[in-house]
Amino acid sequence: MTTVKDLQPHPLDQVHRLIEPGPVILVTTRHHGIPNVMTNGFNMMVRHAPPLIACTIGPWDHSYEALVETGECVISVPTADMATAVVDIGNCSGTEVNKFEEFDLTAVAGEEVQAPLVAECFANIECRVADSSLVPSYSLFLLEAVRAWTDPSQSQPRLFHHRGDGTFTLDGPTIDLKERMTKWQYLQ
Ligand SMILES: Cc1cc2nc3c(=O)[nH]c(=O)nc-3n(C[C@H](O)[C@H](O)[C@H](O)COP(=O)(O)O)c2cc1C
């Protein structure tokens with residue numbers, strides 16, 4: 001019989017490495033007319049419809065102030081070939097660098113929000129802050145998707161996931177278990 005004595009204790013400050021969510025996304029904002037972009041690994045879907053996405057964006061980020069003041073952002077979903085740039089984007093601040101220029105990103109105007117889409121990304125989701133009640137305690141923004149776009153030229157996007165320590169897992173093979181989704185057929 002397995003007891004905890006057979007298991008290895010895992011430090012609490014490393015728990016995020018066990019269930020680090022994903023995929024890694026970019027969050028763009030536009031503050032006083034200036035576009036900016038940051039990297040985000042702590043994100044999750046919260047609701048199907050209307051779509052609600054939770055993102056942790058800390059007050060140490062310039063994007064935090066932009067999001068608090070404008071209430072708008074775009075979630076841009078990069079693919080694995082962008083991983084190096086995405087990490088670099090998350091290691092510098094829009095207060096010091098024009099990241100769209102520095103990383104050769106193409107800003108595209110959306111239809112609902114002022115924050116730019118990133119043309120190189122597989123998907124772009126225009127969002128408005130729907131609930132900021134958890135921001136003071138957890139820096140957690142609940143974002144409602146109001147318009148979404150995908151790039152039809154990227155038919156099989158491979159997303160990537162942060163393992164919490166600077167290593168990343170790339171999307172692997174897809175398996176189809178739709179016939180077992182008897183309770184959730186409406187999702188197909
Ligand atoms: C892989 C990776 C994941 C990150 N995830 C988050 C995150 O979930 N939340 C956050 O606030 N910052 C996260 N960061 C850090 C921000 O991207 C970083 O602080 C960035 O410099 C902020 O840019 P800004 O000051 O222009 O907003 C992450 C960075 C990397 C490299």
# chains A, B, ... in the order shown; residues from 1 in each chain; ligands from 1
call {"tool": "residues_near_ligand", "arguments": {"ligand": "ligand 1", "cutoff": "10 Å", "atoms": "only C-alpha atoms and all ligand atoms", "output": "short mmCIF file (atom, residue, chain, number, x, y, z; two decimals) with all heavy atoms, in the first residue's frame"}}
result
data_model
loop_
_atom_site.label_atom_id
_atom_site.label_comp_id
_atom_site.auth_asym_id
_atom_site.auth_seq_id
_atom_site.Cartn_x
_atom_site.Cartn_y
_atom_site.Cartn_z
N GLU A 20 1.15 24.09 -13.80
CA GLU A 20 1.27 25.35 -14.55
C GLU A 20 0.30 25.31 -15.72
O GLU A 20 0.31 24.39 -16.54
CB GLU A 20 2.69 25.51 -15.07
CG GLU A 20 2.93 26.78 -15.86
CD GLU A 20 3.19 27.97 -14.93
OE1 GLU A 20 3.50 27.76 -13.78
OE2 GLU A 20 3.05 29.09 -15.41
N PRO A 21 -0.61 26.28 -15.78
CA PRO A 21 -1.59 26.26 -16.87
C PRO A 21 -0.97 26.75 -18.18
O PRO A 21 0.21 27.01 -18.25
CB PRO A 21 -2.65 27.23 -16.39
CG PRO A 21 -1.89 28.19 -15.54
CD PRO A 21 -0.75 27.44 -14.93
N GLY A 22 -1.76 26.86 -19.13
CA GLY A 22 -1.26 27.33 -20.41
C GLY A 22 -2.42 27.52 -21.34
O GLY A 22 -3.55 27.36 -20.93
N PRO A 23 -2.21 27.80 -22.57
CA PRO A 23 -0.91 28.03 -23.17
C PRO A 23 -0.33 29.38 -22.75
O PRO A 23 -1.05 30.21 -22.17
CB PRO A 23 -1.24 28.05 -24.67
CG PRO A 23 -2.63 28.60 -24.71
CD PRO A 23 -3.32 28.02 -23.49
N VAL A 24 0.95 29.56 -23.02
CA VAL A 24 1.52 30.89 -22.82
C VAL A 24 0.84 31.83 -23.82
O VAL A 24 0.67 31.49 -25.00
CB VAL A 24 3.05 30.87 -23.07
CG1 VAL A 24 3.62 32.26 -22.94
CG2 VAL A 24 3.72 29.92 -22.09
N ILE A 25 0.42 32.98 -23.32
CA ILE A 25 -0.26 33.95 -24.19
C ILE A 25 0.46 35.30 -24.12
O ILE A 25 1.27 35.53 -23.21
CB ILE A 25 -1.75 34.13 -23.79
CG1 ILE A 25 -1.86 34.58 -22.32
CG2 ILE A 25 -2.54 32.86 -24.05
CD1 ILE A 25 -3.28 34.92 -21.88
N LEU A 26 0.14 36.15 -25.05
CA LEU A 26 0.55 37.54 -24.99
C LEU A 26 -0.69 38.36 -24.64
O LEU A 26 -1.80 38.02 -25.07
CB LEU A 26 1.11 38.01 -26.33
CG LEU A 26 2.40 37.32 -26.79
CD1 LEU A 26 2.76 37.76 -28.21
CD2 LEU A 26 3.56 37.61 -25.83
N VAL A 27 -0.50 39.41 -23.86
CA VAL A 27 -1.60 40.33 -23.56
C VAL A 27 -1.17 41.70 -24.05
O VAL A 27 -0.13 42.23 -23.62
CB VAL A 27 -1.90 40.37 -22.04
CG1 VAL A 27 -3.02 41.37 -21.75
CG2 VAL A 27 -2.27 38.99 -21.53
N THR A 28 -1.93 42.26 -24.97
CA THR A 28 -1.60 43.60 -25.46
C THR A 28 -2.54 44.63 -24.84
O THR A 28 -3.68 44.32 -24.48
CB THR A 28 -1.68 43.73 -27.00
OG1 THR A 28 -3.05 43.93 -27.39
CG2 THR A 28 -1.11 42.52 -27.71
N THR A 29 -2.01 45.84 -24.70
CA THR A 29 -2.80 46.97 -24.19
C THR A 29 -2.44 48.19 -25.02
O THR A 29 -1.44 48.19 -25.77
CB THR A 29 -2.47 47.25 -22.70
OG1 THR A 29 -1.05 47.24 -22.53
CG2 THR A 29 -3.09 46.21 -21.78
N PRO A 35 0.98 51.30 -27.88
CA PRO A 35 0.71 49.87 -27.74
C PRO A 35 1.82 49.18 -26.94
O PRO A 35 2.98 49.57 -27.02
CB PRO A 35 0.69 49.37 -29.18
CG PRO A 35 1.54 50.32 -29.94
CD PRO A 35 1.46 51.65 -29.24
N ASN A 36 1.44 48.17 -26.20
CA ASN A 36 2.43 47.38 -25.45
C ASN A 36 1.97 45.93 -25.41
O ASN A 36 0.80 45.62 -25.70
CB ASN A 36 2.58 47.95 -24.03
CG ASN A 36 3.72 47.29 -23.27
OD1 ASN A 36 4.76 46.94 -23.86
ND2 ASN A 36 3.55 47.09 -21.98
N VAL A 37 2.91 45.06 -25.06
CA VAL A 37 2.60 43.63 -25.02
C VAL A 37 3.40 42.98 -23.90
O VAL A 37 4.55 43.36 -23.65
CB VAL A 37 2.89 42.97 -26.40
CG1 VAL A 37 4.32 43.20 -26.86
CG2 VAL A 37 2.53 41.50 -26.41
N MET A 38 2.78 42.05 -23.20
CA MET A 38 3.47 41.28 -22.15
C MET A 38 3.17 39.80 -22.32
O MET A 38 2.24 39.41 -23.03
CB MET A 38 3.01 41.72 -20.75
CG MET A 38 1.57 41.39 -20.45
SD MET A 38 1.14 41.50 -18.70
CE MET A 38 1.78 39.94 -18.05
N THR A 39 3.98 38.99 -21.66
CA THR A 39 3.81 37.54 -21.70
C THR A 39 3.06 37.09 -20.45
O THR A 39 3.29 37.62 -19.37
CB THR A 39 5.21 36.87 -21.74
OG1 THR A 39 5.90 37.38 -22.87
CG2 THR A 39 5.12 35.37 -21.81
N ASN A 40 2.14 36.13 -20.60
CA ASN A 40 1.34 35.67 -19.47
C ASN A 40 1.20 34.14 -19.50
O ASN A 40 0.84 33.57 -20.53
CB ASN A 40 -0.05 36.33 -19.52
CG ASN A 40 -0.96 35.85 -18.41
OD1 ASN A 40 -1.49 34.76 -18.47
ND2 ASN A 40 -1.13 36.67 -17.38
N GLY A 41 1.53 33.53 -18.36
CA GLY A 41 1.38 32.08 -18.24
C GLY A 41 0.27 31.67 -17.31
O GLY A 41 -0.23 30.55 -17.38
N PHE A 42 -0.11 32.58 -16.37
CA PHE A 42 -1.16 32.25 -15.40
C PHE A 42 -2.51 32.69 -15.96
O PHE A 42 -2.96 33.82 -15.75
CB PHE A 42 -0.90 32.96 -14.07
CG PHE A 42 0.12 32.30 -13.18
CD1 PHE A 42 0.96 31.32 -13.66
CD2 PHE A 42 0.23 32.66 -11.85
CE1 PHE A 42 1.91 30.71 -12.85
CE2 PHE A 42 1.17 32.06 -11.02
CZ PHE A 42 2.00 31.08 -11.51
N ASN A 43 -3.17 31.80 -16.69
CA ASN A 43 -4.46 32.13 -17.30
C ASN A 43 -5.32 30.88 -17.39
O ASN A 43 -4.81 29.77 -17.44
CB ASN A 43 -4.26 32.76 -18.68
CG ASN A 43 -3.51 31.81 -19.60
OD1 ASN A 43 -4.06 30.84 -20.09
ND2 ASN A 43 -2.22 32.08 -19.83
N CYS A 55 -6.96 36.09 -15.96
CA CYS A 55 -5.52 36.28 -16.14
C CYS A 55 -4.95 36.96 -14.91
O CYS A 55 -5.51 37.95 -14.45
CB CYS A 55 -5.23 37.20 -17.33
SG CYS A 55 -5.41 36.45 -18.92
N THR A 56 -3.85 36.44 -14.42
CA THR A 56 -3.12 37.11 -13.34
C THR A 56 -2.10 38.05 -13.98
O THR A 56 -1.22 37.60 -14.72
CB THR A 56 -2.40 36.09 -12.45
OG1 THR A 56 -3.37 35.18 -11.93
CG2 THR A 56 -1.68 36.77 -11.31
N ILE A 57 -2.26 39.32 -13.71
CA ILE A 57 -1.35 40.33 -14.25
C ILE A 57 -0.94 41.22 -13.08
O ILE A 57 -1.77 41.92 -12.50
CB ILE A 57 -2.01 41.13 -15.38
CG1 ILE A 57 -2.31 40.18 -16.56
CG2 ILE A 57 -1.12 42.30 -15.83
CD1 ILE A 57 -3.07 40.80 -17.70
N GLY A 58 0.34 41.13 -12.71
CA GLY A 58 0.79 41.74 -11.46
C GLY A 58 1.06 43.23 -11.58
O GLY A 58 1.35 43.75 -12.67
N PRO A 59 0.99 43.95 -10.43
CA PRO A 59 1.23 45.40 -10.43
C PRO A 59 2.66 45.77 -10.79
O PRO A 59 2.93 46.94 -11.02
CB PRO A 59 0.88 45.81 -8.99
CG PRO A 59 0.88 44.56 -8.19
CD PRO A 59 0.61 43.42 -9.12
N TRP A 60 3.56 44.78 -10.84
CA TRP A 60 4.93 45.05 -11.29
C TRP A 60 4.99 45.23 -12.81
O TRP A 60 6.00 45.70 -13.33
CB TRP A 60 5.87 43.90 -10.88
CG TRP A 60 5.36 42.56 -11.34
CD1 TRP A 60 5.56 41.98 -12.56
CD2 TRP A 60 4.54 41.65 -10.60
NE1 TRP A 60 4.91 40.77 -12.63
CE2 TRP A 60 4.29 40.54 -11.43
CE3 TRP A 60 4.00 41.67 -9.30
CZ2 TRP A 60 3.51 39.46 -11.02
CZ3 TRP A 60 3.23 40.59 -8.90
CH2 TRP A 60 2.98 39.50 -9.74
N ASP A 61 3.93 44.83 -13.50
CA ASP A 61 3.89 44.96 -14.97
C ASP A 61 3.33 46.32 -15.36
O ASP A 61 2.33 46.77 -14.79
CB ASP A 61 2.98 43.88 -15.58
CG ASP A 61 3.47 42.47 -15.31
OD1 ASP A 61 4.70 42.25 -15.37
OD2 ASP A 61 2.63 41.61 -15.03
N HIS A 62 3.93 46.94 -16.36
CA HIS A 62 3.37 48.17 -16.92
C HIS A 62 1.96 47.89 -17.46
O HIS A 62 1.06 48.74 -17.38
CB HIS A 62 4.30 48.66 -18.05
CG HIS A 62 3.84 49.92 -18.70
ND1 HIS A 62 3.54 51.06 -17.99
CD2 HIS A 62 3.63 50.21 -20.01
CE1 HIS A 62 3.16 52.00 -18.83
NE2 HIS A 62 3.20 51.52 -20.05
N SER A 63 1.74 46.70 -17.97
CA SER A 63 0.44 46.32 -18.53
C SER A 63 -0.67 46.39 -17.49
O SER A 63 -1.84 46.60 -17.82
CB SER A 63 0.50 44.90 -19.09
OG SER A 63 1.54 44.78 -20.02
N TYR A 64 -0.32 46.18 -16.23
CA TYR A 64 -1.32 46.23 -15.14
C TYR A 64 -1.99 47.60 -15.11
O TYR A 64 -3.22 47.70 -15.12
CB TYR A 64 -0.60 45.94 -13.82
CG TYR A 64 -1.43 46.06 -12.57
CD1 TYR A 64 -2.07 44.96 -12.02
CD2 TYR A 64 -1.55 47.28 -11.91
CE1 TYR A 64 -2.82 45.06 -10.84
CE2 TYR A 64 -2.30 47.40 -10.74
CZ TYR A 64 -2.93 46.29 -10.21
OH TYR A 64 -3.65 46.40 -9.06
N GLU A 65 -1.16 48.65 -15.10
CA GLU A 65 -1.69 50.02 -15.06
C GLU A 65 -2.55 50.29 -16.29
O GLU A 65 -3.64 50.87 -16.20
CB GLU A 65 -0.51 51.00 -14.99
CG GLU A 65 -0.90 52.42 -14.75
CD GLU A 65 0.30 53.37 -14.84
OE1 GLU A 65 1.45 52.87 -14.85
OE2 GLU A 65 0.08 54.58 -14.92
N ALA A 66 -2.05 49.84 -17.46
CA ALA A 66 -2.79 50.06 -18.70
C ALA A 66 -4.15 49.37 -18.65
O ALA A 66 -5.17 49.93 -19.07
CB ALA A 66 -1.97 49.54 -19.89
N LEU A 67 -4.17 48.17 -18.12
CA LEU A 67 -5.41 47.41 -18.06
C LEU A 67 -6.38 48.01 -17.05
O LEU A 67 -7.59 48.12 -17.32
CB LEU A 67 -5.08 45.95 -17.70
CG LEU A 67 -6.16 44.90 -17.92
CD1 LEU A 67 -6.77 44.98 -19.30
CD2 LEU A 67 -5.58 43.52 -17.68
N ALA A 83 8.33 31.11 -29.50
CA ALA A 83 8.60 30.94 -28.06
C ALA A 83 9.75 31.83 -27.57
O ALA A 83 9.65 32.46 -26.51
CB ALA A 83 8.88 29.48 -27.73
N THR A 84 10.84 31.90 -28.32
CA THR A 84 12.00 32.68 -27.87
C THR A 84 11.62 34.15 -27.73
O THR A 84 11.93 34.79 -26.71
CB THR A 84 13.17 32.54 -28.87
OG1 THR A 84 13.38 31.14 -29.09
CG2 THR A 84 14.44 33.15 -28.34
N ALA A 85 10.95 34.69 -28.72
CA ALA A 85 10.52 36.09 -28.67
C ALA A 85 9.54 36.30 -27.52
O ALA A 85 9.61 37.32 -26.81
CB ALA A 85 9.90 36.50 -30.00
N VAL A 86 8.64 35.34 -27.32
CA VAL A 86 7.63 35.48 -26.26
C VAL A 86 8.30 35.55 -24.89
O VAL A 86 7.90 36.34 -24.02
CB VAL A 86 6.60 34.32 -26.34
CG1 VAL A 86 5.73 34.27 -25.11
CG2 VAL A 86 5.75 34.46 -27.61
N VAL A 87 9.34 34.74 -24.68
CA VAL A 87 10.08 34.79 -23.40
C VAL A 87 10.77 36.14 -23.26
O VAL A 87 10.73 36.78 -22.20
CB VAL A 87 11.08 33.62 -23.30
CG1 VAL A 87 12.01 33.81 -22.10
CG2 VAL A 87 10.32 32.30 -23.18
N ASP A 88 11.39 36.61 -24.34
CA ASP A 88 12.07 37.92 -24.27
C ASP A 88 11.07 39.05 -24.00
O ASP A 88 11.38 39.99 -23.27
CB ASP A 88 12.84 38.18 -25.57
CG ASP A 88 14.03 37.25 -25.74
OD1 ASP A 88 14.38 36.55 -24.75
OD2 ASP A 88 14.61 37.19 -26.84
N ILE A 89 9.88 38.95 -24.58
CA ILE A 89 8.83 39.97 -24.34
C ILE A 89 8.44 40.00 -22.87
O ILE A 89 8.11 41.06 -22.33
CB ILE A 89 7.60 39.65 -25.24
CG1 ILE A 89 7.92 39.96 -26.70
CG2 ILE A 89 6.35 40.41 -24.77
CD1 ILE A 89 6.93 39.36 -27.70
N GLY A 90 8.55 38.85 -22.21
CA GLY A 90 8.22 38.76 -20.79
C GLY A 90 9.40 39.08 -19.88
O GLY A 90 9.32 38.91 -18.67
N ASN A 91 10.50 39.51 -20.49
CA ASN A 91 11.68 39.86 -19.70
C ASN A 91 12.12 41.30 -19.94
O ASN A 91 13.28 41.64 -19.71
CB ASN A 91 12.82 38.88 -19.98
CG ASN A 91 12.65 37.58 -19.20
OD1 ASN A 91 13.04 37.48 -18.05
ND2 ASN A 91 12.01 36.60 -19.82
N CYS A 92 11.22 42.11 -20.41
CA CYS A 92 11.50 43.54 -20.52
C CYS A 92 10.16 44.28 -20.39
O CYS A 92 9.10 43.66 -20.50
CB CYS A 92 12.18 43.89 -21.85
SG CYS A 92 11.20 43.51 -23.31
N SER A 93 10.25 45.57 -20.12
CA SER A 93 9.02 46.32 -19.85
C SER A 93 8.75 47.37 -20.91
O SER A 93 9.68 48.00 -21.43
CB SER A 93 9.11 47.01 -18.48
OG SER A 93 7.95 47.80 -18.29
N GLY A 94 7.47 47.57 -21.16
CA GLY A 94 7.03 48.61 -22.08
C GLY A 94 7.41 50.01 -21.60
O GLY A 94 7.34 50.96 -22.37
N THR A 95 7.80 50.13 -20.34
CA THR A 95 8.28 51.45 -19.87
C THR A 95 9.63 51.77 -20.47
O THR A 95 10.04 52.93 -20.50
CB THR A 95 8.39 51.48 -18.33
OG1 THR A 95 9.21 50.39 -17.92
CG2 THR A 95 7.04 51.40 -17.67
N GLU A 96 10.37 50.73 -20.91
CA GLU A 96 11.74 50.93 -21.44
C GLU A 96 11.87 50.63 -22.92
O GLU A 96 12.78 51.13 -23.57
CB GLU A 96 12.72 50.02 -20.68
CG GLU A 96 12.85 50.35 -19.22
CD GLU A 96 13.23 49.13 -18.37
OE1 GLU A 96 13.42 48.05 -18.94
OE2 GLU A 96 13.29 49.30 -17.15
N VAL A 97 11.00 49.77 -23.42
CA VAL A 97 11.16 49.26 -24.79
C VAL A 97 9.84 49.37 -25.54
O VAL A 97 8.79 49.09 -24.96
CB VAL A 97 11.55 47.75 -24.75
CG1 VAL A 97 11.85 47.21 -26.14
CG2 VAL A 97 12.71 47.49 -23.82
N ASN A 98 9.91 49.77 -26.82
CA ASN A 98 8.74 49.62 -27.69
C ASN A 98 8.77 48.19 -28.20
O ASN A 98 9.50 47.86 -29.13
CB ASN A 98 8.79 50.62 -28.86
CG ASN A 98 7.58 50.46 -29.77
OD1 ASN A 98 7.01 49.37 -29.89
ND2 ASN A 98 7.17 51.55 -30.40
N LYS A 99 8.01 47.32 -27.55
CA LYS A 99 8.17 45.88 -27.83
C LYS A 99 7.65 45.50 -29.22
O LYS A 99 8.14 44.53 -29.81
CB LYS A 99 7.48 45.07 -26.74
CG LYS A 99 8.13 45.24 -25.37
CD LYS A 99 7.68 44.15 -24.42
CE LYS A 99 7.36 44.71 -23.07
NZ LYS A 99 6.87 43.69 -22.13
N SER A 139 -4.48 40.12 -8.04
CA SER A 139 -4.08 40.61 -9.37
C SER A 139 -4.77 39.81 -10.47
O SER A 139 -4.21 39.60 -11.54
CB SER A 139 -2.56 40.52 -9.55
OG SER A 139 -1.89 41.21 -8.55
N LEU A 140 -5.98 39.34 -10.18
CA LEU A 140 -6.69 38.46 -11.11
C LEU A 140 -7.78 39.25 -11.85
O LEU A 140 -8.75 39.71 -11.23
CB LEU A 140 -7.33 37.29 -10.35
CG LEU A 140 -7.97 36.22 -11.22
CD1 LEU A 140 -6.90 35.44 -11.99
CD2 LEU A 140 -8.79 35.25 -10.37
N PHE A 160 2.32 26.48 -26.79
CA PHE A 160 3.32 26.01 -25.83
C PHE A 160 2.96 26.45 -24.42
O PHE A 160 2.21 27.42 -24.23
CB PHE A 160 4.73 26.43 -26.24
CG PHE A 160 4.93 27.92 -26.36
CD1 PHE A 160 5.60 28.62 -25.35
CD2 PHE A 160 4.46 28.62 -27.45
CE1 PHE A 160 5.80 29.98 -25.45
CE2 PHE A 160 4.64 29.99 -27.55
CZ PHE A 160 5.30 30.67 -26.55
N HIS A 161 3.47 25.70 -23.45
CA HIS A 161 3.03 25.83 -22.06
C HIS A 161 4.26 25.98 -21.16
O HIS A 161 5.23 25.22 -21.30
CB HIS A 161 2.23 24.58 -21.67
CG HIS A 161 1.13 24.27 -22.63
ND1 HIS A 161 -0.17 24.55 -22.37
CD2 HIS A 161 1.17 23.73 -23.89
CE1 HIS A 161 -0.91 24.19 -23.41
NE2 HIS A 161 -0.12 23.69 -24.35
N HIS A 162 4.18 26.95 -20.26
CA HIS A 162 5.31 27.18 -19.36
C HIS A 162 5.29 26.17 -18.23
O HIS A 162 4.26 25.95 -17.60
CB HIS A 162 5.22 28.61 -18.78
CG HIS A 162 6.44 29.03 -18.06
ND1 HIS A 162 6.42 29.99 -17.09
CD2 HIS A 162 7.74 28.62 -18.16
CE1 HIS A 162 7.65 30.18 -16.63
NE2 HIS A 162 8.47 29.35 -17.26
N ARG A 163 6.44 25.55 -17.96
CA ARG A 163 6.52 24.59 -16.85
C ARG A 163 6.93 25.29 -15.56
O ARG A 163 7.19 24.65 -14.55
CB ARG A 163 7.48 23.47 -17.20
CG ARG A 163 6.96 22.64 -18.37
CD ARG A 163 7.99 21.64 -18.84
NE ARG A 163 8.35 20.71 -17.79
CZ ARG A 163 7.78 19.53 -17.58
NH1 ARG A 163 6.80 19.14 -18.38
NH2 ARG A 163 8.16 18.74 -16.61
N GLY A 164 6.97 26.62 -15.60
CA GLY A 164 7.15 27.39 -14.38
C GLY A 164 8.59 27.72 -14.03
O GLY A 164 8.84 28.44 -13.07
N ASP A 165 9.53 27.18 -14.81
CA ASP A 165 10.93 27.40 -14.46
C ASP A 165 11.77 27.78 -15.67
O ASP A 165 12.98 27.54 -15.70
CB ASP A 165 11.50 26.13 -13.82
CG ASP A 165 11.45 24.93 -14.77
OD1 ASP A 165 10.85 25.07 -15.87
OD2 ASP A 165 12.02 23.89 -14.45
N GLY A 166 11.12 28.34 -16.69
CA GLY A 166 11.86 28.70 -17.90
C GLY A 166 11.95 27.56 -18.91
O GLY A 166 12.55 27.72 -19.96
N THR A 167 11.34 26.39 -18.58
CA THR A 167 11.24 25.33 -19.58
C THR A 167 9.79 25.28 -20.06
O THR A 167 8.87 25.69 -19.35
CB THR A 167 11.67 23.95 -19.03
OG1 THR A 167 10.78 23.57 -17.98
CG2 THR A 167 13.10 24.00 -18.51
N PHE A 168 9.60 24.74 -21.25
CA PHE A 168 8.28 24.80 -21.90
C PHE A 168 7.94 23.45 -22.52
O PHE A 168 8.83 22.73 -23.01
CB PHE A 168 8.28 25.89 -23.00
CG PHE A 168 8.48 27.27 -22.42
CD1 PHE A 168 9.76 27.73 -22.12
CD2 PHE A 168 7.39 28.07 -22.13
CE1 PHE A 168 9.95 28.99 -21.56
CE2 PHE A 168 7.57 29.33 -21.56
CZ PHE A 168 8.86 29.79 -21.28
#
call {"tool": "residues_around", "arguments": {"residues": "Gln156 (chain A)", "least_positions_apart": "5", "cutoff": "12 Å", "atoms": "only C-alpha atoms", "output": "PDB file with all heavy atoms, in the first residue's frame"}}
result
ATOM      1  N   THR A  79       2.396  30.791 -31.291  1.00  0.00           N
ATOM      2  CA  THR A  79       2.723  29.393 -31.554  1.00  0.00           C
ATOM      3  C   THR A  79       4.182  29.135 -31.168  1.00  0.00           C
ATOM      4  O   THR A  79       4.952  30.060 -30.904  1.00  0.00           O
ATOM      5  CB  THR A  79       2.500  29.056 -33.036  1.00  0.00           C
ATOM      6  OG1 THR A  79       3.023  30.120 -33.831  1.00  0.00           O
ATOM      7  CG2 THR A  79       1.025  28.896 -33.344  1.00  0.00           C
ATOM      8  N   ALA A  80       4.536  27.833 -31.130  1.00  0.00           N
ATOM      9  CA  ALA A  80       5.838  27.425 -30.588  1.00  0.00           C
ATOM     10  C   ALA A  80       7.015  28.097 -31.299  1.00  0.00           C
ATOM     11  O   ALA A  80       8.041  28.355 -30.668  1.00  0.00           O
ATOM     12  CB  ALA A  80       5.957  25.903 -30.671  1.00  0.00           C
ATOM     13  N   PHE A 122      -1.470  33.040 -33.777  1.00  0.00           N
ATOM     14  CA  PHE A 122      -2.495  32.173 -34.358  1.00  0.00           C
ATOM     15  C   PHE A 122      -3.901  32.711 -34.091  1.00  0.00           C
ATOM     16  O   PHE A 122      -4.765  32.699 -34.959  1.00  0.00           O
ATOM     17  CB  PHE A 122      -2.345  30.761 -33.779  1.00  0.00           C
ATOM     18  CG  PHE A 122      -3.617  29.984 -33.772  1.00  0.00           C
ATOM     19  CD1 PHE A 122      -4.203  29.585 -34.975  1.00  0.00           C
ATOM     20  CD2 PHE A 122      -4.264  29.665 -32.585  1.00  0.00           C
ATOM     21  CE1 PHE A 122      -5.403  28.879 -34.992  1.00  0.00           C
ATOM     22  CE2 PHE A 122      -5.455  28.964 -32.592  1.00  0.00           C
ATOM     23  CZ  PHE A 122      -6.016  28.573 -33.800  1.00  0.00           C
ATOM     24  N   ALA A 123      -4.110  33.219 -32.860  1.00  0.00           N
ATOM     25  CA  ALA A 123      -5.439  33.712 -32.500  1.00  0.00           C
ATOM     26  C   ALA A 123      -5.320  35.023 -31.743  1.00  0.00           C
ATOM     27  O   ALA A 123      -4.298  35.294 -31.095  1.00  0.00           O
ATOM     28  CB  ALA A 123      -6.171  32.683 -31.642  1.00  0.00           C
ATOM     29  N   THR A 150      -8.963  34.233 -35.783  1.00  0.00           N
ATOM     30  CA  THR A 150      -7.869  33.283 -35.980  1.00  0.00           C
ATOM     31  C   THR A 150      -7.287  33.491 -37.368  1.00  0.00           C
ATOM     32  O   THR A 150      -7.953  34.049 -38.261  1.00  0.00           O
ATOM     33  CB  THR A 150      -8.333  31.811 -35.859  1.00  0.00           C
ATOM     34  OG1 THR A 150      -9.371  31.566 -36.806  1.00  0.00           O
ATOM     35  CG2 THR A 150      -8.825  31.493 -34.459  1.00  0.00           C
ATOM     36  N   ASP A 151      -6.035  33.069 -37.533  1.00  0.00           N
ATOM     37  CA  ASP A 151      -5.336  33.210 -38.809  1.00  0.00           C
ATOM     38  C   ASP A 151      -5.585  31.950 -39.632  1.00  0.00           C
ATOM     39  O   ASP A 151      -5.097  30.867 -39.277  1.00  0.00           O
ATOM     40  CB  ASP A 151      -3.836  33.395 -38.523  1.00  0.00           C
ATOM     41  CG  ASP A 151      -3.020  33.487 -39.792  1.00  0.00           C
ATOM     42  OD1 ASP A 151      -3.587  33.329 -40.896  1.00  0.00           O
ATOM     43  OD2 ASP A 151      -1.808  33.699 -39.675  1.00  0.00           O
ATOM     44  N   ASP A 171       2.765  21.670 -27.588  1.00  0.00           N
ATOM     45  CA  ASP A 171       1.625  20.808 -27.893  1.00  0.00           C
ATOM     46  C   ASP A 171       2.099  19.593 -28.682  1.00  0.00           C
ATOM     47  O   ASP A 171       2.926  19.704 -29.597  1.00  0.00           O
ATOM     48  CB  ASP A 171       0.597  21.569 -28.751  1.00  0.00           C
ATOM     49  CG  ASP A 171      -0.335  22.411 -27.892  1.00  0.00           C
ATOM     50  OD1 ASP A 171      -0.207  22.387 -26.660  1.00  0.00           O
ATOM     51  OD2 ASP A 171      -1.182  23.100 -28.476  1.00  0.00           O
ATOM     52  N   GLY A 172       1.567  18.437 -28.313  1.00  0.00           N
ATOM     53  CA  GLY A 172       1.922  17.195 -29.011  1.00  0.00           C
ATOM     54  C   GLY A 172       0.769  16.698 -29.858  1.00  0.00           C
ATOM     55  O   GLY A 172      -0.071  17.485 -30.303  1.00  0.00           O
ATOM     56  N   PRO A 173       0.699  15.375 -30.056  1.00  0.00           N
ATOM     57  CA  PRO A 173      -0.360  14.814 -30.898  1.00  0.00           C
ATOM     58  C   PRO A 173      -1.743  15.076 -30.307  1.00  0.00           C
ATOM     59  O   PRO A 173      -1.891  15.198 -29.094  1.00  0.00           O
ATOM     60  CB  PRO A 173      -0.067  13.310 -30.892  1.00  0.00           C
ATOM     61  CG  PRO A 173       1.324  13.183 -30.373  1.00  0.00           C
ATOM     62  CD  PRO A 173       1.598  14.368 -29.521  1.00  0.00           C
ATOM     63  N   THR A 174      -2.745  15.132 -31.193  1.00  0.00           N
ATOM     64  CA  THR A 174      -4.140  15.293 -30.768  1.00  0.00           C
ATOM     65  C   THR A 174      -4.803  13.920 -30.754  1.00  0.00           C
ATOM     66  O   THR A 174      -4.612  13.132 -31.688  1.00  0.00           O
ATOM     67  CB  THR A 174      -4.887  16.207 -31.759  1.00  0.00           C
ATOM     68  OG1 THR A 174      -4.238  17.480 -31.761  1.00  0.00           O
ATOM     69  CG2 THR A 174      -6.341  16.387 -31.372  1.00  0.00           C
TER      70      THR A 174
END
call {"tool": "closest_residue", "arguments": {"among": "A:Trp149, A:Val15, A:Tyr186, A:Val118", "to": "His48 (chain A)", "atoms": "only C-alpha atoms"}}
result
A:Tyr186
call {"tool": "closest_residue", "arguments": {"among": "A:Glu111, A:Glu72, A:Asp13, A:Asp6", "to": "Glu144 (chain A)", "atoms": "only C-alpha atoms"}}
result
A:Glu72
call {"tool": "atom_distance", "arguments": {"atom1": "CA of Met181 (chain A)", "atom2": "CA of Val46 (chain A)"}}
result
19.7 Å
call {"tool": "select_by_dssp", "arguments": {"residues": "region 31-176 of chain A", "states": "alpha helix (DSSP H)", "output": "ChimeraX atom specification"}}
result
/A:62-70,83-89,99-102,135-138
call {"tool": "decode", "arguments": {"residues": "region 70-74 of chain A", "atoms": "C-alpha atoms", "output": "tab-separated table (two decimals), in the first residue's frame"}}
result
chain	number	residue	atom	x	y	z
A	70	THR	CA	-8.37	51.38	-20.01
A	71	GLY	CA	-10.31	48.23	-19.06
A	72	GLU	CA	-9.33	46.68	-22.41
A	73	CYS	CA	-6.76	44.26	-23.79
A	74	VAL	CA	-6.20	41.67	-26.49
